[in-house]
$ cat protein-v1.txt   # compact mmCIF, C-alpha atoms
# COMPACT_ATOMS: atom_id res chain seq x y z
CA MET T 1462 118.03 -14.20 -28.48
CA SER T 1463 120.25 -14.87 -25.47
CA GLY T 1464 117.33 -14.41 -23.06
CA ASP T 1465 115.08 -16.80 -24.95
CA GLN T 1466 115.17 -20.51 -24.22
CA HIS T 1467 113.80 -21.46 -27.64
CA ILE T 1468 115.22 -21.47 -31.14
CA TRP T 1469 113.38 -19.87 -34.05
CA TYR T 1470 114.11 -21.29 -37.48
CA LEU T 1471 112.74 -21.35 -41.03
CA SER T 1472 112.22 -24.67 -42.80
CA GLY T 1473 112.73 -24.35 -46.55
CA LEU T 1474 109.88 -25.82 -48.62
CA ASN T 1475 111.28 -25.34 -52.13
CA GLN T 1476 114.11 -24.05 -54.32
CA GLU T 1477 117.67 -24.48 -53.02
CA PHE T 1478 116.46 -24.31 -49.38
CA LYS T 1479 114.18 -27.37 -49.68
CA ASP T 1480 114.48 -29.63 -46.58
CA GLN T 1481 116.95 -27.21 -44.97
CA ALA T 1482 116.51 -25.45 -41.63
CA ILE T 1483 117.75 -21.86 -41.35
CA VAL T 1484 118.42 -21.08 -37.68
CA LEU T 1485 117.59 -17.45 -36.84
CA ILE T 1486 120.39 -16.12 -34.64
CA GLY T 1487 120.38 -12.51 -33.46
CA ASP T 1488 117.86 -9.74 -32.86
CA GLU T 1489 117.42 -8.94 -36.58
CA ILE T 1490 117.88 -11.31 -39.53
CA THR T 1491 117.86 -9.69 -42.98
CA LEU T 1492 116.64 -11.44 -46.15
CA GLY T 1493 117.34 -10.21 -49.67
CA ARG T 1494 119.06 -10.60 -53.02
CA THR T 1495 122.53 -9.27 -52.17
CA GLU T 1496 125.28 -10.97 -50.20
CA GLN T 1497 125.09 -8.33 -47.47
CA ASN T 1498 121.97 -10.10 -46.10
CA ASP T 1499 121.98 -12.86 -43.48
CA VAL T 1500 119.80 -15.01 -45.76
CA VAL T 1501 120.57 -14.56 -49.46
CA LEU T 1502 117.65 -15.19 -51.86
CA ALA T 1503 119.38 -14.89 -55.23
CA HIS T 1504 116.61 -14.16 -57.71
CA ASN T 1505 115.76 -11.14 -59.84
CA ASN T 1506 112.30 -10.60 -58.33
CA ILE T 1507 113.77 -10.32 -54.82
CA SER T 1508 114.71 -6.83 -53.62
CA ARG T 1509 118.21 -6.00 -52.39
CA HIS T 1510 116.98 -5.84 -48.78
CA HIS T 1511 113.59 -7.50 -49.10
CA ALA T 1512 112.51 -8.24 -45.52
CA SER T 1513 113.73 -8.48 -41.92
CA ILE T 1514 112.84 -10.85 -39.09
CA PHE T 1515 112.96 -9.39 -35.57
CA ILE T 1516 113.32 -11.74 -32.57
CA THR T 1517 112.52 -10.86 -28.96
CA PRO T 1518 112.33 -13.16 -25.91
CA LYS T 1519 108.54 -13.36 -26.27
CA ALA T 1520 107.76 -13.12 -29.98
CA CYS T 1521 108.98 -13.14 -33.56
CA HIS T 1522 107.98 -10.58 -36.21
CA ILE T 1523 108.64 -10.15 -39.93
CA GLN T 1524 108.58 -6.82 -41.78
CA ASP T 1525 108.65 -6.10 -45.48
CA MET T 1526 111.31 -3.44 -46.13
CA GLY T 1527 109.45 -1.71 -48.95
CA SER T 1528 110.12 -4.44 -51.52
CA ARG T 1529 108.68 -4.24 -55.03
CA ASN T 1530 106.93 -7.64 -55.00
CA GLY T 1531 106.01 -7.81 -51.33
CA THR T 1532 106.26 -10.35 -48.50
CA TYR T 1533 103.44 -12.84 -47.83
CA VAL T 1534 102.40 -14.64 -44.62
CA ASN T 1535 99.91 -17.46 -45.13
CA GLY T 1536 99.11 -16.13 -48.61
CA GLU T 1537 98.39 -12.55 -47.51
CA ARG T 1538 100.68 -9.64 -48.39
CA ILE T 1539 101.85 -7.85 -45.25
CA ASP T 1540 101.89 -4.09 -44.76
CA PRO T 1541 105.47 -2.69 -45.06
CA ALA T 1542 104.58 -0.01 -42.52
CA ALA T 1543 104.24 -2.43 -39.60
CA PRO T 1544 105.96 -5.69 -38.52
CA LYS T 1545 103.77 -8.80 -38.74
CA LYS T 1546 103.85 -11.26 -35.83
CA ILE T 1547 104.57 -14.83 -36.96
CA VAL T 1548 103.92 -18.05 -35.05
CA LEU T 1549 104.57 -21.77 -35.45
CA GLN T 1550 103.57 -23.28 -38.82
CA ASP T 1551 103.09 -19.88 -40.49
CA GLU T 1552 104.02 -20.00 -44.18
CA ILE T 1553 106.25 -17.17 -45.41
CA ARG T 1554 106.66 -16.48 -49.13
CA ILE T 1555 109.25 -14.10 -50.55
CA GLY T 1556 109.18 -14.21 -54.34
CA GLN T 1557 109.20 -17.91 -55.24
CA TYR T 1558 110.81 -18.94 -51.93
CA LEU T 1559 108.59 -20.70 -49.37
CA PHE T 1560 109.45 -21.16 -45.69
CA LEU T 1561 107.64 -22.64 -42.70
CA VAL T 1562 108.17 -21.05 -39.28
CA GLY T 1563 109.50 -23.38 -36.58
CA ARG T 1564 110.35 -22.97 -32.90
CA LYS T 1565 111.83 -25.56 -30.56
CA GLU T 1566 113.85 -26.01 -27.42
CA PRO T 1567 117.61 -26.52 -27.94
CA GLN T 1568 118.78 -30.14 -27.87
CA ASN T 1569 121.71 -29.35 -25.60
CA PRO T 1570 122.21 -26.54 -23.04
CA MET T 1571 125.33 -25.36 -24.87
CA TYR T 1572 123.26 -24.05 -27.78
CA ALA T 1573 122.56 -20.62 -26.31
CA ALA T 1574 126.23 -20.14 -25.45
CA THR T 1575 127.23 -21.30 -28.91
CA SER T 1576 124.77 -18.89 -30.48
CA GLU T 1577 126.26 -16.07 -28.46
CA LYS T 1578 129.71 -17.02 -29.72
CA TRP T 1579 128.45 -16.81 -33.30
CA LEU T 1580 127.10 -13.36 -32.55
CA GLN T 1581 130.43 -12.41 -31.01
CA ALA T 1582 132.17 -13.78 -34.09
CA LYS T 1583 129.95 -11.66 -36.31
CA GLU T 1584 130.72 -8.56 -34.26
CA PHE T 1585 134.42 -9.44 -34.24
CA VAL T 1586 134.49 -9.75 -38.03
CA ARG T 1587 132.69 -6.43 -38.32
CA GLU T 1588 135.28 -4.70 -36.14
CA VAL T 1589 138.18 -6.40 -37.92
CA SER T 1590 136.73 -5.39 -41.30
CA LYS T 1591 136.42 -1.80 -40.11
CA GLU T 1592 140.03 -1.79 -38.93
CA PHE T 1593 141.16 -3.49 -42.13
CA ARG T 1594 139.45 -0.85 -44.25
CA GLN T 1595 141.11 1.90 -42.22
CA LYS T 1596 144.53 0.28 -42.67
CA SER T 1597 143.82 -0.11 -46.38
CA LYS T 1598 143.03 3.60 -46.66
CA GLU T 1599 146.26 4.49 -44.87
CA LEU T 1600 148.22 2.14 -47.10
CA ALA T 1601 146.51 3.53 -50.19
CA SER T 1602 147.32 7.08 -49.10
CA ALA T 1603 150.97 6.21 -48.54
CA SER T 1604 151.13 4.31 -51.82
CA ALA T 1605 149.52 7.20 -53.66
CA PHE T 1606 152.09 9.62 -52.29
CA LYS T 1607 154.95 7.35 -53.40
CA PHE T 1608 153.43 6.88 -56.83
CA LYS T 1609 153.05 10.62 -57.25
CA GLU T 1610 156.73 11.08 -56.48
CA VAL T 1611 157.61 8.41 -59.03
CA GLN T 1612 155.24 9.98 -61.54
CA LYS T 1613 156.97 13.30 -61.24
CA LYS T 1614 160.30 11.71 -61.98
CA LYS T 1615 159.39 9.02 -64.50
CA LYS T 1616 156.03 10.37 -65.76
CA LEU T 1617 154.20 7.14 -64.93
CA GLU T 1618 150.40 6.87 -64.65
CA MET T 1619 148.89 6.35 -61.26
CA PRO T 1620 147.56 2.78 -60.97
CA ARG T 1621 144.21 2.22 -59.27
CA LEU T 1622 144.23 0.48 -55.92
CA SER T 1623 142.64 -2.95 -56.33
CA ARG T 1624 139.69 -3.65 -54.04
CA ARG T 1625 139.84 -7.38 -54.71
CA GLY T 1626 142.81 -7.83 -52.37
CA ALA T 1627 140.94 -6.11 -49.53
CA LEU T 1628 137.89 -8.33 -50.13
CA TYR T 1629 139.98 -11.52 -50.09
CA GLY T 1630 141.63 -10.38 -46.88
CA VAL T 1631 138.30 -9.89 -45.12
CA MET T 1632 137.03 -13.26 -46.38
CA PHE T 1633 140.16 -14.96 -45.03
CA LEU T 1634 139.65 -13.38 -41.59
CA VAL T 1635 135.97 -14.47 -41.54
CA LEU T 1636 136.81 -18.08 -42.40
CA ALA T 1637 139.65 -18.18 -39.88
CA TRP T 1638 137.48 -16.88 -37.04
CA VAL T 1639 134.53 -19.16 -37.84
CA GLY T 1640 136.88 -22.14 -37.98
CA TYR T 1641 138.36 -21.20 -34.60
CA THR T 1642 134.94 -20.84 -32.89
CA SER T 1643 133.76 -24.13 -34.43
CA MET T 1644 136.67 -25.96 -32.79
CA GLN T 1645 136.01 -24.32 -29.42
CA SER T 1646 132.37 -25.38 -29.00
CA PRO T 1647 129.89 -27.84 -30.54
CA SER T 1648 127.86 -26.53 -33.45
CA PRO T 1649 124.10 -26.08 -32.87
CA THR T 1650 122.02 -28.72 -34.57
CA LEU T 1651 118.36 -29.33 -35.17
CA GLU T 1652 116.64 -32.67 -35.49
CA SER T 1653 118.06 -34.96 -38.13
CA SER T 1654 114.91 -34.54 -40.19
CA SER T 1655 115.75 -30.85 -40.66
CA GLN T 1656 119.27 -31.44 -41.95
CA PRO T 1657 119.79 -31.41 -45.72
CA SER T 1658 120.86 -34.72 -47.19
CA GLU T 1659 123.59 -35.07 -49.77
CA LYS T 1660 121.12 -36.28 -52.34
CA PRO T 1661 117.51 -35.00 -52.42
CA GLU T 1662 114.92 -37.62 -51.59
CA THR T 1663 112.61 -38.47 -54.42
CA SER T 1664 108.89 -38.39 -53.64
CA THR T 1665 106.31 -39.82 -55.98
CA PRO T 1666 103.95 -37.10 -57.27
CA ILE T 1667 100.49 -37.14 -55.78
CA SER T 1668 98.91 -37.16 -59.22
CA GLN T 1669 100.53 -40.53 -60.02
CA THR T 1670 100.05 -42.65 -56.89
CA GLU T 1671 97.46 -41.19 -54.52
CA LYS T 1672 93.98 -39.88 -54.82
CA ILE T 1673 94.23 -36.10 -54.58
CA LYS T 1674 92.76 -34.86 -51.32
CA PRO T 1675 89.77 -32.61 -52.10
CA ALA T 1676 89.78 -29.17 -50.54
CA PRO T 1677 86.90 -27.94 -48.34
CA ARG T 1678 84.57 -25.82 -50.45
CA GLY T 1679 84.99 -22.94 -48.06
CA GLU T 1680 88.71 -22.81 -48.89
CA LEU T 1681 88.43 -22.88 -52.69
CA ASP T 1682 88.64 -19.11 -53.11
CA SER T 1683 91.67 -18.91 -50.81
CA LEU T 1684 93.43 -21.76 -52.64
CA MET T 1685 92.72 -20.16 -56.01
CA GLU T 1686 94.13 -16.84 -54.81
CA ARG T 1687 97.31 -18.54 -53.58
CA ALA T 1688 97.65 -20.54 -56.79
CA MET T 1689 97.29 -17.40 -58.92
CA SER T 1690 99.89 -15.68 -56.78
CA TYR T 1691 102.34 -18.57 -57.32
CA VAL T 1692 101.70 -18.44 -61.07
CA GLN T 1693 102.33 -14.69 -61.03
CA PHE T 1694 105.77 -15.34 -59.54
CA GLN T 1695 106.33 -18.26 -61.95
CA ASP T 1696 106.41 -20.85 -59.13
CA TYR T 1697 104.39 -23.37 -61.11
CA ALA T 1698 105.53 -26.33 -58.99
CA ALA T 1699 103.80 -24.76 -55.97
CA ALA T 1700 100.67 -23.79 -57.91
CA ILE T 1701 99.97 -27.21 -59.46
CA PRO T 1702 99.04 -29.18 -56.27
CA LEU T 1703 96.70 -26.37 -55.15
CA LEU T 1704 94.92 -26.38 -58.52
CA GLN T 1705 94.67 -30.18 -58.42
CA ARG T 1706 92.95 -29.97 -55.00
CA ILE T 1707 90.52 -27.37 -56.34
CA LEU T 1708 89.58 -29.57 -59.31
CA ALA T 1709 89.26 -32.62 -57.06
CA THR T 1710 86.49 -30.72 -55.24
CA ASP T 1711 85.01 -28.80 -58.17
CA ALA T 1712 85.70 -30.57 -61.46
CA SER T 1713 83.65 -27.96 -63.36
CA ASN T 1714 85.96 -25.10 -62.38
CA GLU T 1715 87.16 -24.17 -65.86
CA LYS T 1716 89.36 -21.34 -64.59
CA ALA T 1717 91.33 -23.73 -62.37
CA ARG T 1718 91.56 -26.28 -65.20
CA GLN T 1719 92.99 -23.76 -67.67
CA LEU T 1720 95.41 -22.42 -65.06
CA LEU T 1721 96.54 -25.98 -64.27
CA LEU T 1722 97.18 -26.74 -67.96
CA ARG T 1723 99.15 -23.52 -68.31
CA SER T 1724 101.17 -24.21 -65.15
CA GLU T 1725 102.02 -27.76 -66.23
CA LYS T 1726 103.11 -26.52 -69.65
CA LYS T 1727 105.31 -23.80 -68.18
CA LEU T 1728 106.77 -26.18 -65.60
CA LEU T 1729 107.75 -28.68 -68.28
CA GLU T 1730 109.26 -25.87 -70.37
CA ASN T 1731 111.39 -24.72 -67.42
CA ILE T 1732 112.51 -28.28 -66.69
CA SER T 1733 113.46 -28.72 -70.36
CA ILE T 1734 115.45 -25.45 -70.38
CA HIS T 1735 117.52 -26.46 -67.35
CA ARG T 1736 118.09 -29.96 -68.75
CA GLU T 1737 119.30 -28.56 -72.06
CA ASN T 1738 121.53 -26.02 -70.32
CA GLY T 1739 123.03 -28.81 -68.25
CA ALA T 1740 123.63 -30.93 -71.35
CA ARG T 1741 125.49 -28.09 -73.06
CA GLU T 1742 127.71 -27.52 -70.03
CA TYR T 1743 128.35 -31.26 -69.78
CA GLU T 1744 129.46 -31.40 -73.42
CA LYS T 1745 131.92 -28.56 -72.70
CA LEU T 1746 133.22 -30.61 -69.71
CA PHE T 1747 131.95 -28.00 -67.25
CA PHE T 1748 130.53 -30.68 -64.95
CA ASP T 1749 130.00 -28.35 -61.98
CA ARG T 1750 127.82 -26.03 -64.08
CA ALA T 1751 125.92 -29.00 -65.49
CA ILE T 1752 125.17 -30.22 -61.96
CA ILE T 1753 123.77 -26.81 -60.99
CA GLU T 1754 121.41 -26.74 -63.99
CA TRP T 1755 120.27 -30.34 -63.52
CA LYS T 1756 119.62 -29.80 -59.83
CA LYS T 1757 117.35 -26.90 -60.74
CA ALA T 1758 115.52 -29.20 -63.14
CA TYR T 1759 115.31 -31.90 -60.45
CA SER T 1760 113.80 -29.51 -57.87
CA LEU T 1761 111.05 -28.61 -60.36
CA ALA T 1762 110.32 -32.21 -61.41
CA VAL T 1763 110.56 -34.10 -58.11
CA ASN T 1764 107.01 -33.41 -56.93
CA TYR T 1765 105.49 -33.50 -60.40
CA ASN T 1766 106.89 -36.52 -62.25
CA GLN T 1767 108.95 -39.11 -60.40
CA GLU T 1768 110.14 -40.85 -63.56
CA MET T 1769 111.46 -37.59 -64.97
CA ALA T 1770 113.08 -36.71 -61.65
CA SER T 1771 114.82 -40.12 -61.57
CA GLU T 1772 116.23 -39.55 -65.06
CA ILE T 1773 117.59 -36.15 -64.01
CA GLN T 1774 119.08 -37.63 -60.83
CA THR T 1775 120.95 -40.15 -62.98
CA LEU T 1776 122.44 -37.27 -64.97
CA ILE T 1777 123.46 -35.53 -61.74
CA ASP T 1778 125.11 -38.70 -60.38
CA ASP T 1779 127.07 -39.15 -63.61
CA ALA T 1780 128.29 -35.53 -63.63
CA GLU T 1781 129.29 -35.73 -59.95
CA GLU T 1782 131.29 -38.88 -60.69
CA LYS T 1783 133.03 -37.11 -63.58
CA LEU T 1784 133.78 -34.15 -61.33
CA ARG T 1785 135.28 -36.39 -58.63
CA SER T 1786 137.48 -38.16 -61.17
CA GLU T 1787 138.95 -34.80 -62.21
CA LYS T 1788 140.20 -34.01 -58.72
$ encode --input "protein-v1.txt" --output "structure tokens"
Amino acid sequence: MSGDQHIWYLSGLNQEFKDQAIVLIGDEITLGRTEQNDVVLAHNNISRHHASIFITPKACHIQDMGSRNGTYVNGERIDPAAPKKIVLQDEIRIGQYLFLVGRKEPQNPMYAATSEKWLQAKEFVREVSKEFRQKSKELASASAFKFKEVQKKKKLEMPRLSRRGALYGVMFLVLAWVGYTSMQSPSPTLESSSQPSEKPETSTPISQTEKIKPAPRGELDSLMERAMSYVQFQDYAAAIPLLQRILATDASNEKARQLLLRSEKKLLENISIHRENGAREYEKLFFDRAIIEWKKAYSLAVNYNQEMASEIQTLIDDAEEKLRSEK
């Protein structure tokens, strides 16, 4: 990306990435379920290495890496055999995660240099990790030899070398290097509207305050296909507004009506599950776990029922206050 004067980024539209901007730094950005990916999408229907985004000075492409449930661009599943070119305002869906493609000029000329430093930091950590693993192997070999000598004399069992210590060591080196580079140069930022706020903004659901905007009749089939796809991946919050637009245009569409009723029922069930889970954790004084569950409930309710979302936000505020008082 060093030869490109623009910044590619993904704007999160839902889940834990809602209202966040993920800056795409590097030639290849991996997305998947495991922590080895650049962007971690922690859900069971996401493959370990689900997709990759490739950036060149002139274009940006996304490729599905043979995932089980596929990668979608603007509602269409892409062919894993060939990268798909993406442009501004394209909608990418991986499982229940939705992103909007963005591209802008950096706000300050130091951004490109800063990005390069992050890439250098990544490469540095990779080299240090490699060296650390080699040293660990040498240490393990030496320790094994000593333990064998002791075993011969005292008939002791060989203990297994713990991998947790090596992992903590690598994590410490990563945090130390990132902290050092952050002090050396300003961090890249996007517009303030792309930055996540401490508390999610509540927005009144369309169904309660505004007349639902009808969809053009030529787009009804496409909207229905997208809505059914969202329902298939249990993203009922994304399916509901599409079904409402379909019914606003064609009130006699019984298929859309039944799918809307089912989606609303499932959405309310999911909200109830997370609320109850949060209440149980709260009763056990696990306030951090309660906050996680209630935030999941909030993200599902915020665009469906403002009153319900406000109630959940009150629970979150109370748990956060309890958590602060413990420290």
$ closest_residue --input "protein-v1.txt" --among "T:Glu1787, T:Gly1473, T:His1522, T:Thr1517" --to "Val1500 (chain T)" --atoms "all atoms listed in the file"
T:Gly1473
$ atom_distance --input "protein-v1.txt" --atom1 "CA of Tyr1743 (chain T)" --atom2 "CA of Lys1783 (chain T)"
9.7 Å
$ residues_around --input "protein-v1.txt" --residues "Gly1531 (chain T)" --least-positions-apart "3" --cutoff "10 Å" --atoms "only C-alpha atoms" --output "list in words"
Asn1506, Ile1507, Ser1508, His1511, Ala1512, Gln1524, Asp1525, Met1526, Gly1527, Ser1528, Glu1537, Arg1538, Ile1539, Asp1540, Pro1541, Arg1554, Ile1555 and Gly1556 of chain T
$ residues_around --input "protein-v1.txt" --residues "Lys1726 (chain T)" --least-positions-apart "3" --cutoff "12 Å" --atoms "all atoms listed in the file" --output "VMD selection string"
chain T and resid 1692 1695 1697 to 1698 1701 1719 to 1723 1729 to 1733 1765
$ atom_distance --input "protein-v1.txt" --atom1 "CA of Asp1711 (chain T)" --atom2 "CA of Asn1764 (chain T)"
22.5 Å
$ atom_distance --input "protein-v1.txt" --atom1 "CA of Tyr1759 (chain T)" --atom2 "CA of Ile1773 (chain T)"
6.0 Å
$ residues_around --input "protein-v1.txt" --residues "Leu1559 (chain T)" --least-positions-apart "3" --cutoff "12 Å" --atoms "only C-alpha atoms" --output "count of residues only"
30
